[in-house]
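Raw input.json, JSON, C-alpha atoms and all ligand atoms:
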```json
[["chain", "number", "residue", "atom", "x", "y", "z"],
["A", 1183, "MET", "CA", -19.47, 61.97, -154.81],
["A", 1184, "ILE", "CA", -19.51, 62.53, -151.06],
["A", 1185, "GLU", "CA", -16.31, 64.07, -149.71],
["A", 1186, "LYS", "CA", -15.23, 63.19, -146.20],
["A", 1187, "ILE", "CA", -14.81, 65.97, -143.65],
["A", 1188, "ASN", "CA", -11.33, 66.11, -142.15],
["A", 1189, "PHE", "CA", -12.07, 66.17, -138.42],
["A", 1190, "GLN", "CA", -9.08, 66.96, -136.22],
["A", 1191, "TYR", "CA", -8.57, 66.13, -132.55],
["A", 1192, "THR", "CA", -8.22, 69.31, -130.44],
["A", 1193, "ASP", "CA", -7.63, 70.12, -126.78],
["A", 1194, "ASP", "CA", -11.31, 71.14, -126.52],
["A", 1195, "ILE", "CA", -12.32, 67.50, -126.90],
["A", 1196, "THR", "CA", -12.37, 66.03, -123.42],
["A", 1197, "VAL", "CA", -14.97, 63.28, -123.81],
["A", 1198, "VAL", "CA", -12.57, 60.98, -125.67],
["A", 1199, "ASP", "CA", -8.79, 60.77, -125.98],
["A", 1200, "ARG", "CA", -6.87, 60.99, -129.25],
["A", 1201, "ASP", "CA", -6.62, 57.22, -129.81],
["A", 1202, "GLN", "CA", -10.34, 56.71, -129.30],
["A", 1203, "PHE", "CA", -11.14, 59.70, -131.52],
["A", 1204, "GLU", "CA", -8.86, 58.66, -134.36],
["A", 1205, "ALA", "CA", -10.06, 55.04, -134.38],
["A", 1206, "HIS", "CA", -13.60, 56.40, -134.66],
["A", 1207, "ILE", "CA", -12.63, 58.72, -137.52],
["A", 1208, "ARG", "CA", -11.28, 55.73, -139.47],
["A", 1209, "LEU", "CA", -14.62, 54.00, -139.05],
["A", 1210, "TYR", "CA", -16.45, 57.14, -140.27],
["A", 1211, "GLU", "CA", -14.20, 57.26, -143.34],
["A", 1212, "GLY", "CA", -15.21, 53.68, -144.09],
["A", 1213, "TYR", "CA", -18.85, 54.78, -144.35],
["A", 1214, "VAL", "CA", -17.93, 57.61, -146.73],
["A", 1215, "LYS", "CA", -16.11, 55.10, -148.94],
["A", 1216, "LYS", "CA", -19.07, 52.70, -148.88],
["A", 1217, "ILE", "CA", -21.77, 55.26, -149.77],
["A", 1218, "ASN", "CA", -19.67, 56.35, -152.74],
["A", 1219, "GLU", "CA", -19.30, 52.73, -153.87],
["A", 1220, "ILE", "CA", -23.04, 52.15, -153.51],
["A", 1221, "ASP", "CA", -23.94, 55.38, -155.32],
["A", 1222, "GLU", "CA", -21.74, 54.33, -158.22],
["A", 1223, "ILE", "CA", -23.31, 50.87, -158.39],
["A", 1224, "LEU", "CA", -26.84, 52.35, -158.26],
["A", 1225, "GLN", "CA", -26.08, 54.54, -161.27],
["A", 1226, "ASN", "CA", -25.59, 51.43, -163.37],
["A", 1227, "ASN", "CA", -28.91, 49.59, -163.01],
["A", 1228, "PRO", "CA", -27.79, 46.85, -160.59],
["A", 1229, "GLY", "CA", -30.47, 44.27, -161.33],
["A", 1230, "ARG", "CA", -33.63, 46.38, -161.13],
["A", 1231, "GLU", "CA", -35.52, 43.75, -163.15],
["A", 1232, "GLU", "CA", -34.85, 41.11, -160.46],
["A", 1233, "ALA", "CA", -35.71, 43.43, -157.54],
["A", 1234, "ASN", "CA", -37.29, 41.34, -154.79],
["A", 1235, "ALA", "CA", -38.15, 42.07, -151.16],
["A", 1236, "THR", "CA", -36.99, 38.68, -149.80],
["A", 1237, "PHE", "CA", -33.60, 38.75, -151.44],
["A", 1238, "SER", "CA", -32.10, 40.53, -154.43],
["A", 1239, "PHE", "CA", -28.95, 42.45, -155.24],
["A", 1240, "PHE", "CA", -30.99, 45.62, -155.79],
["A", 1241, "ARG", "CA", -32.54, 45.22, -152.33],
["A", 1242, "GLU", "CA", -29.08, 44.87, -150.75],
["A", 1243, "CYS", "CA", -27.98, 48.07, -152.50],
["A", 1244, "LYS", "CA", -31.01, 49.92, -151.13],
["A", 1245, "ARG", "CA", -30.40, 48.61, -147.59],
["A", 1246, "GLY", "CA", -26.76, 49.62, -147.82],
["A", 1247, "GLU", "CA", -27.56, 53.04, -149.27],
["A", 1248, "THR", "CA", -29.46, 54.36, -146.23],
["A", 1249, "TYR", "CA", -27.28, 52.48, -143.73],
["A", 1250, "ALA", "CA", -24.04, 53.94, -145.10],
["A", 1251, "LEU", "CA", -25.40, 57.44, -145.73],
["A", 1252, "ASP", "CA", -27.01, 57.70, -142.29],
["A", 1253, "GLY", "CA", -23.70, 56.40, -140.89],
["A", 1254, "VAL", "CA", -21.88, 59.28, -142.59],
["A", 1255, "ILE", "CA", -24.40, 61.96, -141.57],
["A", 1256, "LEU", "CA", -24.80, 60.90, -137.94],
["A", 1257, "HIS", "CA", -21.04, 60.65, -137.40],
["A", 1258, "GLU", "CA", -20.47, 64.11, -138.90],
["A", 1259, "LEU", "CA", -23.17, 65.61, -136.65],
["A", 1260, "TYR", "CA", -21.66, 63.82, -133.63],
["A", 1261, "PHE", "CA", -18.07, 64.95, -134.28],
["A", 1262, "GLU", "CA", -19.28, 68.51, -134.91],
["A", 1263, "ASN", "CA", -21.30, 68.76, -131.68],
["A", 1264, "MET", "CA", -18.59, 67.45, -129.34],
["A", 1265, "GLY", "CA", -15.71, 69.46, -127.90],
["A", 1266, "GLY", "CA", -17.53, 72.45, -126.47],
["A", 1267, "SER", "CA", -15.39, 74.52, -124.13],
["A", 1268, "GLY", "CA", -15.72, 77.96, -122.53],
["A", 1269, "GLN", "CA", -18.87, 79.79, -123.64],
["A", 1270, "MET", "CA", -19.68, 77.17, -126.27],
["A", 1271, "ASN", "CA", -20.17, 74.70, -123.43],
["A", 1272, "THR", "CA", -23.31, 76.43, -122.15],
["A", 1273, "PRO", "CA", -26.67, 76.41, -123.95],
["A", 1274, "ASN", "CA", -27.93, 79.90, -124.79],
["A", 1275, "LEU", "CA", -31.28, 81.23, -123.55],
["A", 1276, "SER", "CA", -33.09, 80.35, -126.73],
["A", 1277, "ILE", "CA", -32.01, 76.68, -126.56],
["A", 1278, "THR", "CA", -32.85, 76.49, -122.86],
["A", 1279, "ALA", "CA", -36.29, 78.03, -123.46],
["A", 1280, "GLN", "CA", -37.07, 75.50, -126.22],
["A", 1281, "LEU", "CA", -35.95, 72.58, -124.02],
["A", 1282, "GLU", "CA", -38.01, 73.90, -121.12],
["A", 1283, "MET", "CA", -41.07, 74.21, -123.33],
["A", 1284, "ASP", "CA", -40.83, 70.62, -124.60],
["A", 1285, "PHE", "CA", -39.39, 68.84, -121.54],
["A", 1286, "GLY", "CA", -40.53, 70.96, -118.59],
["A", 1287, "SER", "CA", -36.99, 71.95, -117.56],
["A", 1288, "PHE", "CA", -33.40, 71.71, -118.79],
["A", 1289, "VAL", "CA", -32.62, 69.22, -116.01],
["A", 1290, "ASN", "CA", -35.51, 67.03, -117.09],
["A", 1291, "TRP", "CA", -34.37, 67.13, -120.74],
["A", 1292, "GLU", "CA", -30.84, 66.18, -119.64],
["A", 1293, "ALA", "CA", -32.04, 63.23, -117.53],
["A", 1294, "ASP", "CA", -34.20, 62.04, -120.42],
["A", 1295, "PHE", "CA", -31.35, 62.35, -122.96],
["A", 1296, "ILE", "CA", -28.98, 60.40, -120.68],
["A", 1297, "ALA", "CA", -31.59, 57.66, -120.18],
["A", 1298, "THR", "CA", -32.18, 57.57, -123.96],
["A", 1299, "ALA", "CA", -28.44, 57.11, -124.52],
["A", 1300, "LYS", "CA", -28.27, 54.30, -121.93],
["A", 1301, "ALA", "CA", -31.27, 52.62, -123.58],
["A", 1302, "SER", "CA", -29.84, 52.83, -127.12],
["A", 1303, "ARG", "CA", -27.59, 50.40, -129.00],
["A", 1304, "GLY", "CA", -26.54, 52.94, -131.60],
["A", 1305, "TRP", "CA", -27.44, 56.59, -131.15],
["A", 1306, "ALA", "CA", -29.21, 59.06, -128.89],
["A", 1307, "VAL", "CA", -30.50, 62.04, -130.84],
["A", 1308, "LEU", "CA", -32.22, 65.24, -129.76],
["A", 1309, "CYS", "CA", -34.27, 65.98, -132.84],
["A", 1310, "PHE", "CA", -36.89, 68.46, -133.94],
["A", 1311, "ASP", "CA", -40.02, 66.55, -134.94],
["A", 1312, "GLN", "CA", -41.55, 68.73, -137.64],
["A", 1313, "ARG", "CA", -44.91, 66.90, -137.57],
["A", 1314, "SER", "CA", -45.70, 67.69, -133.93],
["A", 1315, "TYR", "CA", -43.41, 70.74, -134.00],
["A", 1316, "ARG", "CA", -41.44, 69.88, -130.88],
["A", 1317, "LEU", "CA", -38.11, 68.52, -129.75],
["A", 1318, "ARG", "CA", -37.82, 64.82, -128.88],
["A", 1319, "ASN", "CA", -35.02, 62.58, -127.58],
["A", 1320, "ILE", "CA", -35.02, 59.53, -129.81],
["A", 1321, "SER", "CA", -33.23, 56.19, -129.63],
["A", 1322, "LEU", "CA", -31.64, 54.59, -132.71],
["A", 1323, "ASP", "CA", -30.46, 50.97, -132.48],
["A", 1324, "SER", "CA", -28.79, 51.33, -135.87],
["A", 1325, "HIS", "CA", -27.96, 54.22, -138.23],
["A", 1326, "ASP", "CA", -31.16, 53.58, -140.16],
["A", 1327, "LEU", "CA", -33.41, 52.22, -137.42],
["A", 1328, "GLY", "CA", -35.48, 54.53, -135.25],
["A", 1329, "ASN", "CA", -35.40, 57.86, -137.10],
["A", 1330, "ILE", "CA", -38.55, 59.98, -137.28],
["A", 1331, "ALA", "CA", -39.21, 60.49, -140.98],
["A", 1332, "TYR", "CA", -39.82, 64.23, -140.86],
["A", 1333, "SER", "CA", -37.36, 65.39, -138.24],
["A", 1334, "ALA", "CA", -34.03, 67.18, -138.02],
["A", 1335, "PRO", "CA", -31.22, 66.20, -135.63],
["A", 1336, "MET", "CA", -30.01, 68.90, -133.24],
["A", 1337, "LEU", "CA", -27.67, 66.97, -130.92],
["A", 1338, "VAL", "CA", -26.20, 63.55, -131.70],
["A", 1339, "LEU", "CA", -24.45, 61.09, -129.39],
["A", 1340, "ASP", "CA", -22.86, 57.87, -130.65],
["A", 1341, "VAL", "CA", -23.33, 55.07, -128.10],
["A", 1342, "TYR", "CA", -22.13, 52.14, -130.19],
["A", 1343, "GLU", "CA", -19.38, 50.32, -128.24],
["A", 1344, "HIS", "CA", -16.82, 51.41, -130.85],
["A", 1345, "ALA", "CA", -17.39, 55.03, -129.76],
["A", 1346, "TYR", "CA", -16.00, 54.49, -126.24],
["A", 1347, "PHE", "CA", -14.73, 50.94, -125.60],
["A", 1348, "LEU", "CA", -11.05, 51.65, -126.37],
["A", 1349, "GLN", "CA", -10.97, 54.25, -123.59],
["A", 1350, "TYR", "CA", -13.84, 53.41, -121.24],
["A", 1351, "ALA", "CA", -14.11, 49.62, -121.71],
["A", 1352, "ASP", "CA", -17.64, 48.72, -120.57],
["A", 1353, "ASN", "CA", -18.23, 51.94, -118.60],
["A", 1354, "LYS", "CA", -20.83, 53.38, -120.95],
["A", 1355, "THR", "CA", -22.31, 55.58, -118.22],
["A", 1356, "GLU", "CA", -19.01, 57.37, -117.63],
["A", 1357, "TYR", "CA", -18.64, 58.02, -121.37],
["A", 1358, "ILE", "CA", -22.18, 59.46, -121.55],
["A", 1359, "ASN", "CA", -21.57, 61.67, -118.51],
["A", 1360, "ARG", "CA", -18.30, 62.98, -119.97],
["A", 1361, "PHE", "CA", -20.06, 63.70, -123.25],
["A", 1362, "MET", "CA", -22.75, 65.73, -121.48],
["A", 1363, "GLU", "CA", -19.97, 67.94, -120.05],
["A", 1364, "ASN", "CA", -18.36, 68.45, -123.46],
["A", 1365, "ILE", "CA", -21.29, 69.36, -125.75],
["A", 1366, "ASN", "CA", -20.68, 72.17, -128.22],
["A", 1367, "TRP", "CA", -23.90, 74.09, -127.64],
["A", 1368, "GLU", "CA", -22.94, 76.73, -130.18],
["A", 1369, "VAL", "CA", -23.26, 74.10, -132.91],
["A", 1370, "VAL", "CA", -26.59, 72.91, -131.47],
["A", 1371, "GLY", "CA", -27.82, 76.53, -131.42],
["A", 1372, "GLN", "CA", -26.95, 76.98, -135.10],
["A", 1373, "ARG", "CA", -28.92, 73.85, -135.98],
["A", 1374, "MET", "CA", -31.93, 75.09, -134.01],
["A", 1375, "GLU", "CA", -31.94, 78.46, -135.80],
["A", 1376, "ILE", "CA", -33.54, 76.97, -138.89],
["A", 1377, "PHE", "CA", -36.81, 76.41, -137.00],
["A", 1401, "FE", "FE", -19.60, 55.57, -134.49]]
```

Would you write the structure of this file as structure tokens?
Amino acid sequence: MIEKINFQYTDDITVVDRDQFEAHIRLYEGYVKKINEIDEILQNNPGREEANATFSFFRECKRGETYALDGVILHELYFENMGGSGQMNTPNLSITAQLEMDFGSFVNWEADFIATAKASRGWAVLCFDQRSYRLRNISLDSHDLGNIAYSAPMLVLDVYEHAYFLQYADNKTEYINRFMENINWEVVGQRMEIF
């Protein structure tokens, strides 16, 4: 059973207003509900004998399993890494050094992450690619489409329209720019410590 995290809107969150935030939380809670439903169905042998790659109920369960679970995980990482204020809002020396090593400079990383977000239909993710042992900015068009198999997300930005349209309408660029000013780098630093 996956328990939802109770995210609360705070004054530190400047990238989105309360209405936009709370609508997004409701969507996240829908994914938590769905992965629990799917997990329960999968425990009860949902047509394994008829499993088929063109169409079968078992296939639909498997498609839904990773879609819903990635939807839960990515949203939690996103809500956790927004809302940086004060000292949290600045990357520490260790983060900056790692970004400089893999992207040439912090400014270059930032420009690449913003472009990745603009180019994505679902998510922009700064992840640590454990195969080539370096950070990469990756583009996901869907929760389960575009991930590097052996990688760990460090910074996650939701760029689905539902993440900003209530507040920004079609001004995706403004939403991305406001997000970049409101990153919680302390959370990103904690994620990077495991490598
Ligand atoms: Fe979302």

message: Which residues are near ligand FE 1401 (chain A) in this structure, taking near to mean any atom at most 8 Å from a ligand atom and counting all atoms listed in the file? Format them as a ChimeraX atom specification.
response: /A:1206,1209-1210,1253,1257,1304,1340-1342,1344-1345

field: atom CA of Ile1365 of chain A to atom CA of Glu1292 of chain A, straight-line distance in Å
entry: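 Computed distance, atom CA of Glu1292 of chain A to atom CA of Ile1365 of chain A, equals 11.8 Å.
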
query: What gap, in Å, lies between atom CA of Glu1231 of chain A and atom CA of Ile1217 of chain A?
result: 22.4 Å

- request: Select, from A:Ala1205, A:Leu1348, A:Ala1334, A:Leu1224, the residue with the minimum atom-to-atom distance to Arg1316 of chain A, counting only C-alpha atoms.
  value: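 Closest to Arg1316 of chain A of all the choices is A:Ala1334.
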
task: Please measure the separation of atom CA of Asp1201 of chain A and atom CA of Tyr1213 of chain A, giving the value in Å to one decimal.
output: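 For atom CA of Asp1201 of chain A relative to atom CA of Tyr1213 of chain A, the distance reads 19.2 Å.
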
Who sits within 9 Å of Gly1246 of chain A, only C-alpha atoms, same chain under 5 positions skipped, as a PDB file with C-alpha atoms, keeping the file's coordinate frame:
```pdb
ATOM      1  CA  LYS A1216     -19.070  52.700-148.880  1.00  0.00           C
ATOM      2  CA  ILE A1217     -21.770  55.260-149.770  1.00  0.00           C
ATOM      3  CA  ILE A1220     -23.040  52.150-153.510  1.00  0.00           C
ATOM      4  CA  ARG A1241     -32.540  45.220-152.330  1.00  0.00           C
ATOM      5  CA  LEU A1251     -25.400  57.440-145.730  1.00  0.00           C
TER       6      LEU A1251
END
```
